[in-house]
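A.B. asks: I'd like to ask some things about the structure below.
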Amino acid sequence: MALNKEQIAQRIAKELQDGFYVNLGIGIPTMVANYIPSGINVVLQSENGLLGMGPFPFEGDEDADLINAGKQTITTLPGSAIFDSATSFGMIRSGRVNLTVLGAMEVAENGDIANWKIPGKMVKGMGGAMDLVAAAKNIIVAMQHTDKAGNSKLLPQCTLPITGLRCVKKIVSDLGVFDITENGFVCREYAPGVSIEEIKSKTAGKLTIADDVKEITF
Amino acid sequence: MALNKEQIAQRIAKELQDGFYVNLGIGIPTMVANYIPSGINVVLQSENGLLGMGPFPFEGDEDADLINAGKQTITTLPGSAIFDSATSFGMIRSGRVNLTVLGAMEVAENGDIANWKIPGKMVKGMGGAMDLVAAAKNIIVAMQHTDKAGNSKLLPQCTLPITGLRCVKKIVSDLGVFDITENGFVCREYAPGVSIEEIKSKTAGKLTIADDVKEITF
Amino acid sequence: MNKVVANADVAIKDIESGMTIMFGGFGLCGIPENCIRAIVNKGIDNLTCISNNAGVDDFGIGLMLQKKQLKKMIASYVGENAEFERQLLSGELDVELVPQGTLATRCMIAGYGIPFVPVLAGVGTEVAEGKETVVRNGRQYLIEEAFDADFAIVKAWKGDTMGNLIYKDTARNFNPLMAMAGKITIAEVEELVAPGELDPNMIHTPGIYVNQIFQGTDYEKRIEQRTVRKRS
Amino acid sequence: MNKVVANADVAIKDIESGMTIMFGGFGLCGIPENCIRAIVNKGIDNLTCISNNAGVDDFGIGLMLQKKQLKKMIASYVGENAEFERQLLSGELDVELVPQGTLATRCMIAGYGIPFVPVLAGVGTEVAEGKETVVRNGRQYLIEEAFDADFAIVKAWKGDTMGNLIYKDTARNFNPLMAMAGKITIAEVEELVAPGELDPNMIHTPGIYVNQIFQGTDYEKRIEQRTVRKRS
């Protein structure tokens, strides 16, 4: 059975290493924070200007001056640091943020990503997405493998306006885990009960199945 | 009689206006702080990273962590702010510092200045001088009109390595006050007892005497 | 040297129709509520507005959109605002979308007297159209220009009468960057204190960058996404 | 995540001959005394050193000069050091003199992931030789590159075990800029505290930039120019 959103987040959390500074995008990526493996210390960065993002405040403790990049009320933790938005993206650009997790509408077999605009439909703006994908050292995309009509979102090339070129390193979709290599998508893991045939049929871009492909474990 | 160093500083202090942020170089420029006209508030910037430089500390109050750009122990004042050296030069470059006063070995009639290096003799480095002369809005040079051998230091062009091009707006020397214009040096004021003939004979660069030239007053 | 003005109406009195204004804040967090209100009341228009977001329909910069005071919006994310989307799609409003880090950096370099900056963000995208590029160490960079704003309006937590500012928590965001970047900078603060009450080591915006300062009133500080935990 | 090391000897253990190292400080103010001492004791050489100044003959970076550990010095002002001048004039030491604001900015942009910066300082001077220039708004700018240092070593007043740093007074100077700029950053602090003891709003260097931290000992904090007023 395909993974649900929580399971996608849970699988991504296995990529975290002790001491990582991590930027989590809105949606499924945010949920990764709920599955940080025990014994591992990870510092969450919020690109509006915070290192050491804590959980939501207790009811009544919300502070309008303390929000994350998704504009949600949050808390700090012991050891947090606050800074301006230029410093925040400086950390990202200079490679100090170890991992960025974000969503996507489309990913191409060369690592191009589209996640900010649907021409004529959605004019919200890119926020920090273009900066993050252009500069982050290591980018994992959390996404649904197909759109609602069943069309693959892992493509030979993006059809929507590009957010960044050749930047995605890994995808965790509801169907499996995919590295992006010079040979396109490489399926490393499949969701429990999902067949390789299904993955092949739902992946429009160039796909290879790893010799040691295995079922996702959490 | 030619002005002494204190008098040069005193004359420059008349150029200060209320609310000015001012950077004073080492030597005569530093003395300008002693002659700030009463009723005028001026904030002194030290380019290592301080706005609101106060007087030297009382004996025993020196703090190794609080020095000016000349490495002298100083104090802060109510309303002082400390910042890093990039921010400090950002203020200068972006035109927020209203006036810079510094010394010079040579000034040319087009405003070029040389004050950082004597080839084969002095290899101390430019410190902040090149940044200041390149970017400051308004630069006044405090200098001796001639060298020890009596040679003019106000020249058709600099002979020493240049610190900055076409940047000096005004000179206060021991002999007088000179604006730098498209027509070279323009003598606006002469030191008490110094003749126009002496000024002419000691100025190698192109010199005009202002129609309304007058004696310096303090 | 007197930077203190009575209120927002006095602070903005030299802002005219057609000018370019930076507004600090991220979403509704750390926005200069008093000055926005005063500009709405003044009724000037044809403004170019540089701000990370465009407020919501009935608060923040959204209030200026409602009164059709904006000619152009330069922002990174405007998704919280239906009136914005309507004006954009109808062609009433000109919009320049800028990646968030680029937006922040274009403010910062204006404050540092640096005319342009090479950035990776936007290479290969619509953002790159018409822009100069350079290659360094095998990577392509876009050349992005410093912003040139007539006024910057920022909101701080505390300020002193010399113009020194301290921000609170993530209400800092774009505020210190824009404070450095405006030709004239107006700061509204929750608490205005005398010189000497702020620790010189803990100033976020040195007073040299601030031309006018006042203590604001009636801060609403609206929360966009109230997310909480139950107390257990 | 464990950034805390026992002392300077441990902190610098991966620094090898031939590397490029940034040292925070202005004159002798805010220099990492413990690490300098440890590098002198370790006896590595052929170092390229990026620092605003070169210390004095018997203190600070001057100690490394005495032991001939430096191959190249990148600085803005080196006038306090006779041994420096001797090595330079004799050709033993390679020197790149950089305007102070340019030096600071080349550190800063390294920390911001910006590869180069256009500056006015040095146009028309020896500093411009061999450098690319661009014209913007009728003014000529030099293109100056971000520094690329193997290590940055900084000195702070207080730090926590997460690497967050606070500097005191003008001992801040180049320290926060260099802390952002090294591939690996070592911070020595006068007082090392637990996370939560420093106010998140008052951090000068966020911990993400600091790889190793320790509490230094025996700070001499020598004063170069002791200038005082008489008590009246």
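Ordering of the structure tokens sets the chain letters (A, B, ...), residue numbers begin anew at 1 in every chain, and ligands are numbered from 1 in the order given.
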As number ranges by chain, which residues of chain A does DSSP assign to strand (DSSP E or B)?

C.D. replies: A: 21-24, 43-46, 50-53, 58, 67, 72-73, 76-82, 99-103, 106-108, 113-114, 118, 122, 139-143, 146, 152, 154-155, 164, 170-173, 176-181, 184-190, 207-215

A.B. asks: Given a cut-off of 12 Å, which residues of chain D touch chain C, counting only C-alpha atoms, written out as a count of residues only?

C.D. replies: 44

A.B. asks: Quick one: distance from CA of Gly60 in chain A to CA of Pro78 in chain A in Å, one decimal?

C.D. replies: 20.4 Å

A.B. asks: Within 9 Å of Val56 in chain C, counting only C-alpha atoms, which residues show up once you throw out same-chain ones fewer than 6 positions away? Write them as a list of chain:residue names, please.

C.D. replies: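 Result of the neighbour search: C:Gly27, C:Leu28, C:Gly62, C:Leu63, C:Val78, C:Gly79, C:Glu80, C:Asn81, C:Ala82, C:Glu83, C:Phe84, C:Glu224.
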
A.B. asks: Save out the residues we just selected, N, CA, C and O atoms, as an mmCIF file, in the first residue's frame.

C.D. replies:
```cif
data_model
loop_
_atom_site.group_PDB
_atom_site.id
_atom_site.type_symbol
_atom_site.label_atom_id
_atom_site.label_comp_id
_atom_site.auth_asym_id
_atom_site.auth_seq_id
_atom_site.Cartn_x
_atom_site.Cartn_y
_atom_site.Cartn_z
ATOM 1 N N GLY C 27 5.072 38.285 6.601
ATOM 2 C CA GLY C 27 3.650 38.088 6.859
ATOM 3 C C GLY C 27 3.142 39.297 7.625
ATOM 4 O O GLY C 27 3.434 40.438 7.254
ATOM 5 N N LEU C 28 2.441 39.064 8.717
ATOM 6 C CA LEU C 28 1.964 40.178 9.545
ATOM 7 C C LEU C 28 2.861 40.379 10.764
ATOM 8 O O LEU C 28 2.544 41.156 11.661
ATOM 9 N N GLY C 62 -2.297 44.808 2.803
ATOM 10 C CA GLY C 62 -3.610 44.582 2.204
ATOM 11 C C GLY C 62 -4.524 45.807 2.294
ATOM 12 O O GLY C 62 -5.350 46.041 1.406
ATOM 13 N N LEU C 63 -4.370 46.598 3.344
ATOM 14 C CA LEU C 63 -5.193 47.804 3.497
ATOM 15 C C LEU C 63 -4.906 48.815 2.390
ATOM 16 O O LEU C 63 -5.800 49.507 1.908
ATOM 17 N N VAL C 78 2.912 36.220 -1.969
ATOM 18 C CA VAL C 78 1.730 37.066 -1.843
ATOM 19 C C VAL C 78 0.471 36.226 -1.760
ATOM 20 O O VAL C 78 -0.622 36.671 -2.087
ATOM 21 N N GLY C 79 0.623 34.985 -1.291
ATOM 22 C CA GLY C 79 -0.465 34.018 -1.385
ATOM 23 C C GLY C 79 -1.598 34.198 -0.401
ATOM 24 O O GLY C 79 -2.560 33.440 -0.436
ATOM 25 N N GLU C 80 -1.480 35.194 0.498
ATOM 26 C CA GLU C 80 -2.489 35.310 1.551
ATOM 27 C C GLU C 80 -3.528 36.370 1.223
ATOM 28 O O GLU C 80 -4.212 36.859 2.102
ATOM 29 N N ASN C 81 -3.674 36.730 -0.038
ATOM 30 C CA ASN C 81 -4.354 37.974 -0.322
ATOM 31 C C ASN C 81 -5.146 37.876 -1.622
ATOM 32 O O ASN C 81 -4.597 37.971 -2.717
ATOM 33 N N ALA C 82 -6.458 37.744 -1.501
ATOM 34 C CA ALA C 82 -7.315 37.564 -2.681
ATOM 35 C C ALA C 82 -7.398 38.845 -3.515
ATOM 36 O O ALA C 82 -7.401 38.802 -4.741
ATOM 37 N N GLU C 83 -7.449 39.993 -2.839
ATOM 38 C CA GLU C 83 -7.531 41.266 -3.567
ATOM 39 C C GLU C 83 -6.259 41.493 -4.374
ATOM 40 O O GLU C 83 -6.298 42.012 -5.491
ATOM 41 N N PHE C 84 -5.143 41.066 -3.819
ATOM 42 C CA PHE C 84 -3.874 41.143 -4.543
ATOM 43 C C PHE C 84 -3.978 40.359 -5.853
ATOM 44 O O PHE C 84 -3.660 40.861 -6.927
ATOM 45 N N GLU C 224 -1.354 35.211 11.943
ATOM 46 C CA GLU C 224 -1.934 34.616 10.734
ATOM 47 C C GLU C 224 -2.311 33.151 10.935
ATOM 48 O O GLU C 224 -3.371 32.707 10.513
#
```

A.B. asks: Can you superpose chain A onto chain B by least squares over all C-alpha atoms paired in order and give the moved copy as a compact mmCIF listing (two decimals) with C-alpha atoms, in the first residue's frame?

C.D. replies:
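part19.txt was written with the following content:
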```txt
# COMPACT_ATOMS: atom_id res chain seq x y z
CA MET A 1 51.56 83.09 11.23
CA ALA A 2 50.80 79.59 10.00
CA LEU A 3 48.29 77.55 12.01
CA ASN A 4 49.53 74.96 14.45
CA LYS A 5 47.96 71.52 14.53
CA GLU A 6 45.43 72.46 17.18
CA GLN A 7 44.32 75.44 15.13
CA ILE A 8 43.92 73.32 12.00
CA ALA A 9 41.67 71.02 14.02
CA GLN A 10 39.80 73.99 15.43
CA ARG A 11 39.12 75.42 11.98
CA ILE A 12 37.89 72.07 10.69
CA ALA A 13 35.52 71.81 13.63
CA LYS A 14 33.66 74.83 12.25
CA GLU A 15 32.53 72.61 9.34
CA LEU A 16 30.55 70.38 11.70
CA GLN A 17 26.78 70.61 11.69
CA ASP A 18 24.25 69.46 14.22
CA GLY A 19 23.38 65.80 13.70
CA PHE A 20 26.50 64.97 11.70
CA TYR A 21 28.01 61.51 11.88
CA VAL A 22 31.75 62.03 11.55
CA ASN A 23 34.75 59.79 11.06
CA LEU A 24 38.01 61.31 12.30
CA GLY A 25 41.32 59.85 11.19
CA ILE A 26 44.48 59.53 13.25
CA GLY A 27 46.57 62.62 14.09
CA ILE A 28 45.24 66.15 13.61
CA PRO A 29 41.75 64.84 12.67
CA THR A 30 41.41 63.22 16.10
CA MET A 31 41.92 66.64 17.69
CA VAL A 32 38.81 67.96 15.92
CA ALA A 33 36.78 66.24 18.63
CA ASN A 34 38.14 68.75 21.15
CA TYR A 35 36.61 71.73 19.30
CA ILE A 36 33.06 70.65 18.54
CA PRO A 37 31.06 73.91 18.69
CA SER A 38 28.72 74.20 21.63
CA GLY A 39 25.06 73.57 20.91
CA ILE A 40 25.95 71.06 18.22
CA ASN A 41 25.56 67.32 18.60
CA VAL A 42 27.93 65.24 16.57
CA VAL A 43 28.30 61.45 16.69
CA LEU A 44 31.80 60.12 16.13
CA GLN A 45 32.23 56.90 14.22
CA SER A 46 35.23 54.64 14.71
CA GLU A 47 35.58 52.34 11.73
CA ASN A 48 36.52 49.26 13.76
CA GLY A 49 32.88 49.21 14.83
CA LEU A 50 31.53 51.96 17.07
CA LEU A 51 29.13 54.87 16.78
CA GLY A 52 29.22 57.35 19.64
CA MET A 53 32.89 57.35 20.58
CA GLY A 54 33.44 59.03 23.92
CA PRO A 55 36.56 60.52 25.51
CA PHE A 56 39.51 58.52 26.83
CA PRO A 57 38.65 56.54 29.98
CA PHE A 58 39.65 57.76 33.41
CA GLU A 59 42.89 56.22 34.64
CA GLY A 60 42.20 52.68 35.77
CA ASP A 61 39.03 52.37 33.70
CA GLU A 62 40.79 51.31 30.48
CA ASP A 63 39.22 48.26 28.88
CA ALA A 64 41.22 46.25 26.35
CA ASP A 65 37.94 45.37 24.62
CA LEU A 66 37.05 48.99 23.90
CA ILE A 67 39.38 50.78 21.50
CA ASN A 68 39.11 53.10 18.53
CA ALA A 69 40.52 52.66 15.03
CA GLY A 70 43.80 54.14 16.28
CA LYS A 71 43.90 51.31 18.87
CA GLN A 72 43.55 53.82 21.71
CA THR A 73 41.47 52.96 24.75
CA ILE A 74 38.22 54.94 24.66
CA THR A 75 34.74 54.99 26.16
CA THR A 76 31.19 54.75 24.91
CA LEU A 77 28.49 57.36 25.47
CA PRO A 78 24.76 57.04 26.16
CA GLY A 79 23.30 56.06 22.79
CA SER A 80 26.44 54.36 21.48
CA ALA A 81 26.14 51.32 19.23
CA ILE A 82 28.69 48.57 18.53
CA PHE A 83 28.77 46.57 15.29
CA ASP A 84 31.10 44.50 13.15
CA SER A 85 33.60 45.98 10.72
CA ALA A 86 31.58 45.17 7.59
CA THR A 87 28.59 47.07 8.93
CA SER A 88 30.92 49.90 9.84
CA PHE A 89 32.17 50.32 6.29
CA GLY A 90 28.65 49.75 5.01
CA MET A 91 27.66 52.96 6.78
CA ILE A 92 30.49 54.79 5.12
CA ARG A 93 29.93 53.36 1.64
CA SER A 94 26.20 53.97 1.70
CA GLY A 95 26.74 57.65 2.48
CA ARG A 96 25.39 57.65 6.03
CA VAL A 97 28.59 59.14 7.46
CA ASN A 98 28.33 62.85 6.74
CA LEU A 99 31.96 63.84 7.02
CA THR A 100 35.36 62.19 7.04
CA VAL A 101 38.44 64.09 8.18
CA LEU A 102 41.82 62.61 7.44
CA GLY A 103 45.46 63.44 6.90
CA ALA A 104 47.39 63.30 3.63
CA MET A 105 50.94 63.24 2.33
CA GLU A 106 49.86 64.74 -1.00
CA VAL A 107 46.67 66.08 -2.55
CA ALA A 108 46.35 66.79 -6.27
CA GLU A 109 44.44 69.66 -7.84
CA ASN A 110 41.80 67.19 -9.07
CA GLY A 111 41.18 65.83 -5.57
CA ASP A 112 43.36 62.73 -5.78
CA ILE A 113 44.91 61.85 -2.44
CA ALA A 114 48.03 59.92 -1.45
CA ASN A 115 48.41 59.03 2.20
CA TRP A 116 49.24 55.38 2.62
CA LYS A 117 52.59 54.39 1.22
CA ILE A 118 56.10 55.64 0.51
CA PRO A 119 57.63 53.10 -1.85
CA GLY A 120 60.66 51.39 -0.33
CA LYS A 121 60.20 53.20 2.97
CA MET A 122 56.85 52.63 4.55
CA VAL A 123 54.87 49.40 4.29
CA LYS A 124 52.22 49.81 6.92
CA GLY A 125 49.16 49.26 4.77
CA MET A 126 46.15 51.40 3.97
CA GLY A 127 43.91 50.35 6.85
CA GLY A 128 40.54 51.95 6.23
CA ALA A 129 41.86 54.92 4.28
CA MET A 130 41.06 53.63 0.80
CA ASP A 131 37.53 52.70 1.80
CA LEU A 132 36.97 56.06 3.44
CA VAL A 133 38.25 58.18 0.57
CA ALA A 134 36.48 56.09 -2.07
CA ALA A 135 33.10 56.17 -0.44
CA ALA A 136 32.70 59.02 2.02
CA LYS A 137 30.27 61.73 0.97
CA ASN A 138 32.40 64.61 2.12
CA ILE A 139 36.11 64.50 2.80
CA ILE A 140 38.19 67.21 4.44
CA VAL A 141 41.94 66.80 4.56
CA ALA A 142 43.97 68.18 7.46
CA MET A 143 47.58 68.57 6.41
CA GLN A 144 50.77 70.59 6.39
CA HIS A 145 51.01 72.67 3.24
CA THR A 146 54.64 71.70 2.60
CA ASP A 147 56.98 68.91 3.58
CA LYS A 148 59.96 69.41 5.86
CA ALA A 149 62.12 70.45 2.89
CA GLY A 150 59.57 73.12 2.01
CA ASN A 151 58.14 71.34 -1.05
CA SER A 152 54.44 71.82 -1.73
CA LYS A 153 52.14 68.92 -0.86
CA LEU A 154 49.29 70.47 -2.91
CA LEU A 155 50.34 69.25 -6.33
CA PRO A 156 49.33 69.17 -9.99
CA GLN A 157 49.27 65.41 -9.54
CA CYS A 158 50.29 63.02 -6.81
CA THR A 159 53.75 61.50 -7.00
CA LEU A 160 53.20 58.91 -4.26
CA PRO A 161 50.94 55.87 -4.68
CA ILE A 162 47.35 57.00 -4.82
CA THR A 163 44.86 56.25 -2.02
CA GLY A 164 41.81 57.43 -3.95
CA LEU A 165 40.80 59.37 -7.04
CA ARG A 166 39.06 62.76 -7.15
CA CYS A 167 37.70 62.47 -3.65
CA VAL A 168 39.00 65.35 -1.54
CA LYS A 169 36.56 68.26 -1.34
CA LYS A 170 38.38 70.59 1.02
CA ILE A 171 41.81 71.05 2.60
CA VAL A 172 42.62 72.85 5.80
CA SER A 173 46.38 73.33 5.89
CA ASP A 174 48.59 75.41 8.15
CA LEU A 175 48.37 78.16 5.52
CA GLY A 176 44.67 78.29 4.74
CA VAL A 177 41.41 76.72 3.65
CA PHE A 178 41.13 75.39 0.09
CA ASP A 179 38.20 73.99 -1.82
CA ILE A 180 38.92 71.58 -4.63
CA THR A 181 36.96 72.47 -7.74
CA GLU A 182 37.06 71.76 -11.44
CA ASN A 183 39.58 74.59 -11.57
CA GLY A 184 41.91 73.08 -9.01
CA PHE A 185 42.60 74.51 -5.57
CA VAL A 186 40.58 77.57 -4.61
CA CYS A 187 41.89 79.48 -1.61
CA ARG A 188 38.90 80.60 0.48
CA GLU A 189 40.71 81.61 3.65
CA TYR A 190 44.27 82.34 4.70
CA ALA A 191 45.88 81.88 8.10
CA PRO A 192 46.32 85.08 10.11
CA GLY A 193 49.48 86.80 8.98
CA VAL A 194 50.06 84.48 6.02
CA SER A 195 50.26 86.35 2.72
CA ILE A 196 48.57 85.32 -0.49
CA GLU A 197 52.00 85.47 -2.06
CA GLU A 198 53.29 82.85 0.39
CA ILE A 199 50.33 80.59 -0.37
CA LYS A 200 50.93 80.99 -4.11
CA SER A 201 54.62 80.23 -3.78
CA LYS A 202 53.98 77.12 -1.68
CA THR A 203 51.19 75.65 -3.83
CA ALA A 204 52.50 73.67 -6.79
CA GLY A 205 49.09 72.67 -8.13
CA LYS A 206 46.75 75.00 -9.99
CA LEU A 207 45.57 77.65 -7.53
CA THR A 208 42.90 80.32 -7.68
CA ILE A 209 42.32 82.89 -4.97
CA ALA A 210 38.63 83.37 -4.25
CA ASP A 211 37.33 86.90 -4.83
CA ASP A 212 36.00 86.95 -1.29
CA VAL A 213 39.07 85.39 0.29
CA LYS A 214 39.35 86.27 3.96
CA GLU A 215 41.34 85.57 7.07
CA ILE A 216 40.52 82.39 8.98
CA THR A 217 38.48 82.99 12.10
CA PHE A 218 37.77 80.42 14.77
```

A.B. asks: Give the alpha helix (DSSP H) residues of range 65-205 of chain B, as DSSP finds them on the backbone, and put them as a PyMOL selection string.

C.D. replies: chain B and resi 85-93+129-135+196-201

A.B. asks: Between CA of Asn34 in chain C and CA of Met1 in chain C, what is the distance in Å, rounded to a tenth?

C.D. replies: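 Interatomic distance, CA of Asn34 in chain C to CA of Met1 in chain C: 23.5 Å.
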
A.B. asks: Could you list the residues in chain D lying within 12 Å of chain A, using only C-alpha atoms, and format the result as a compact mmCIF listing (two decimals) with N, CA and C atoms, in the first residue's frame?

C.D. replies:
```txt
# COMPACT_ATOMS: atom_id res chain seq x y z
N MET D 1 25.51 15.91 18.46
CA MET D 1 26.10 17.23 18.21
C MET D 1 26.98 17.61 19.39
N ASN D 2 28.27 17.54 19.22
CA ASN D 2 29.13 17.96 20.31
C ASN D 2 30.24 18.84 19.76
N LYS D 3 30.09 20.14 20.02
CA LYS D 3 31.04 21.11 19.49
C LYS D 3 32.12 21.46 20.50
N CYS D 107 35.18 38.76 3.83
CA CYS D 107 34.82 37.73 4.84
C CYS D 107 33.30 37.54 4.85
N MET D 108 32.60 38.64 4.94
CA MET D 108 31.15 38.58 5.06
C MET D 108 30.52 37.82 3.89
N ILE D 109 30.92 38.13 2.67
CA ILE D 109 30.28 37.47 1.54
C ILE D 109 30.61 35.98 1.50
N ALA D 110 31.78 35.61 1.98
CA ALA D 110 32.08 34.17 2.08
C ALA D 110 31.04 33.50 2.96
N GLY D 111 30.68 34.15 4.04
CA GLY D 111 29.68 33.61 4.95
C GLY D 111 28.28 33.63 4.39
N TYR D 112 28.04 34.47 3.41
CA TYR D 112 26.72 34.55 2.79
C TYR D 112 26.63 33.74 1.50
N GLY D 113 27.69 33.04 1.14
CA GLY D 113 27.64 32.26 -0.10
C GLY D 113 27.61 33.12 -1.34
N ILE D 114 28.20 34.29 -1.25
CA ILE D 114 28.26 35.23 -2.39
C ILE D 114 29.69 35.22 -2.91
N PRO D 115 29.91 34.93 -4.20
CA PRO D 115 31.28 34.68 -4.65
C PRO D 115 32.16 35.91 -4.83
N ALA D 146 35.33 36.62 -2.67
CA ALA D 146 35.13 36.09 -1.32
C ALA D 146 36.40 35.36 -0.90
N ASP D 148 38.55 32.40 0.86
CA ASP D 148 38.37 30.95 0.93
C ASP D 148 39.37 30.43 1.96
N GLY D 159 29.93 32.24 25.01
CA GLY D 159 29.42 31.31 24.02
C GLY D 159 28.68 30.20 24.72
N ASP D 160 27.75 29.54 24.01
CA ASP D 160 27.12 28.37 24.61
C ASP D 160 27.57 27.10 23.87
N THR D 161 27.20 25.97 24.40
CA THR D 161 27.72 24.71 23.85
C THR D 161 27.14 24.40 22.47
N MET D 162 26.11 25.14 22.06
CA MET D 162 25.60 25.01 20.69
C MET D 162 26.42 25.86 19.71
N GLY D 163 27.36 26.65 20.22
CA GLY D 163 28.20 27.47 19.36
C GLY D 163 27.73 28.90 19.18
N ASN D 164 26.64 29.28 19.83
CA ASN D 164 26.19 30.67 19.75
C ASN D 164 27.17 31.59 20.47
N LEU D 165 27.47 32.74 19.87
CA LEU D 165 28.50 33.63 20.40
C LEU D 165 27.99 35.05 20.63
N ILE D 166 28.54 35.68 21.66
CA ILE D 166 28.32 37.10 21.93
C ILE D 166 29.69 37.75 22.15
N PRO D 176 32.74 38.25 14.09
CA PRO D 176 31.53 37.60 13.55
C PRO D 176 31.60 37.38 12.05
N LEU D 177 32.32 38.22 11.35
CA LEU D 177 32.44 38.07 9.89
C LEU D 177 33.26 36.84 9.55
N ALA D 179 33.82 34.34 11.58
CA ALA D 179 33.13 33.14 12.09
C ALA D 179 32.23 32.55 11.01
N MET D 180 31.64 33.41 10.18
CA MET D 180 30.77 32.94 9.11
C MET D 180 31.54 32.41 7.91
N ALA D 181 32.82 32.75 7.83
CA ALA D 181 33.53 32.61 6.56
C ALA D 181 34.43 31.39 6.45
N GLY D 182 34.84 30.81 7.57
CA GLY D 182 35.76 29.68 7.48
C GLY D 182 35.04 28.41 7.06
N LYS D 183 35.76 27.53 6.39
CA LYS D 183 35.17 26.21 6.12
C LYS D 183 34.90 25.52 7.45
N ILE D 184 35.85 25.65 8.36
CA ILE D 184 35.65 25.19 9.73
C ILE D 184 35.94 26.37 10.65
N THR D 185 35.07 26.59 11.61
CA THR D 185 35.23 27.72 12.52
C THR D 185 35.44 27.25 13.95
N VAL D 193 28.84 28.73 28.38
CA VAL D 193 27.65 28.49 29.19
C VAL D 193 26.76 27.43 28.53
N ALA D 194 25.74 26.99 29.26
CA ALA D 194 24.81 25.97 28.75
C ALA D 194 23.80 26.62 27.81
N PRO D 195 23.24 25.85 26.88
CA PRO D 195 22.18 26.38 26.02
C PRO D 195 21.04 26.94 26.87
N GLY D 196 20.51 28.06 26.45
CA GLY D 196 19.42 28.68 27.19
C GLY D 196 19.88 29.82 28.07
N GLU D 197 21.18 29.92 28.32
CA GLU D 197 21.67 31.02 29.16
C GLU D 197 21.85 32.31 28.38
N LEU D 198 21.96 32.21 27.06
CA LEU D 198 22.08 33.42 26.24
C LEU D 198 20.71 33.71 25.62
N ASP D 199 20.33 34.98 25.61
CA ASP D 199 19.07 35.40 25.00
C ASP D 199 19.15 35.20 23.49
N PRO D 200 18.21 34.41 22.91
CA PRO D 200 18.26 34.16 21.45
C PRO D 200 18.25 35.44 20.62
N ASN D 201 17.70 36.51 21.17
CA ASN D 201 17.66 37.79 20.44
C ASN D 201 19.00 38.50 20.43
N MET D 202 19.92 38.10 21.29
CA MET D 202 21.15 38.85 21.48
C MET D 202 22.38 38.05 21.06
N ILE D 203 22.19 37.08 20.18
CA ILE D 203 23.30 36.29 19.68
C ILE D 203 23.95 37.04 18.51
N HIS D 204 25.25 37.22 18.55
CA HIS D 204 25.92 37.88 17.41
C HIS D 204 26.30 36.88 16.33
N THR D 205 26.73 35.70 16.72
CA THR D 205 27.05 34.64 15.76
C THR D 205 26.21 33.42 16.07
N PRO D 206 25.27 33.09 15.19
CA PRO D 206 24.46 31.88 15.42
C PRO D 206 25.34 30.62 15.38
N GLY D 207 25.01 29.68 16.24
CA GLY D 207 25.84 28.49 16.43
C GLY D 207 26.11 27.67 15.18
N ILE D 208 25.28 27.77 14.18
CA ILE D 208 25.47 26.99 12.96
C ILE D 208 26.83 27.27 12.32
N TYR D 209 27.39 28.43 12.60
CA TYR D 209 28.66 28.80 11.99
C TYR D 209 29.87 28.28 12.76
N VAL D 210 29.63 27.75 13.94
CA VAL D 210 30.74 27.37 14.81
C VAL D 210 30.84 25.85 14.91
N ASN D 211 32.01 25.33 14.56
CA ASN D 211 32.20 23.88 14.59
C ASN D 211 32.79 23.40 15.90
```

A.B. asks: Within 12 Å of Gly18 in chain C, counting only C-alpha atoms, which residues show up once you throw out same-chain ones fewer than 2 positions away? Write them as a ChimeraX atom specification, please.

C.D. replies: /C:14-16,20-21,43-49,69-72,149-151

A.B. asks: For CA of Ala75 in chain D and CA of Ile61 in chain D, quote the distance in Å rounded to one decimal.

C.D. replies: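 It comes out at 11.3 Å.
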
A.B. asks: Leaving out range 30-33 of chain D and any residue of its chain fewer than 3 positions from it, which residues lie within 7 Å of it when counting only C-alpha atoms, given as a PyMOL selection string?

C.D. replies: (chain B and resi 65) or (chain D and resi 24-26+36-37+60+153-155+171-172+188+219)
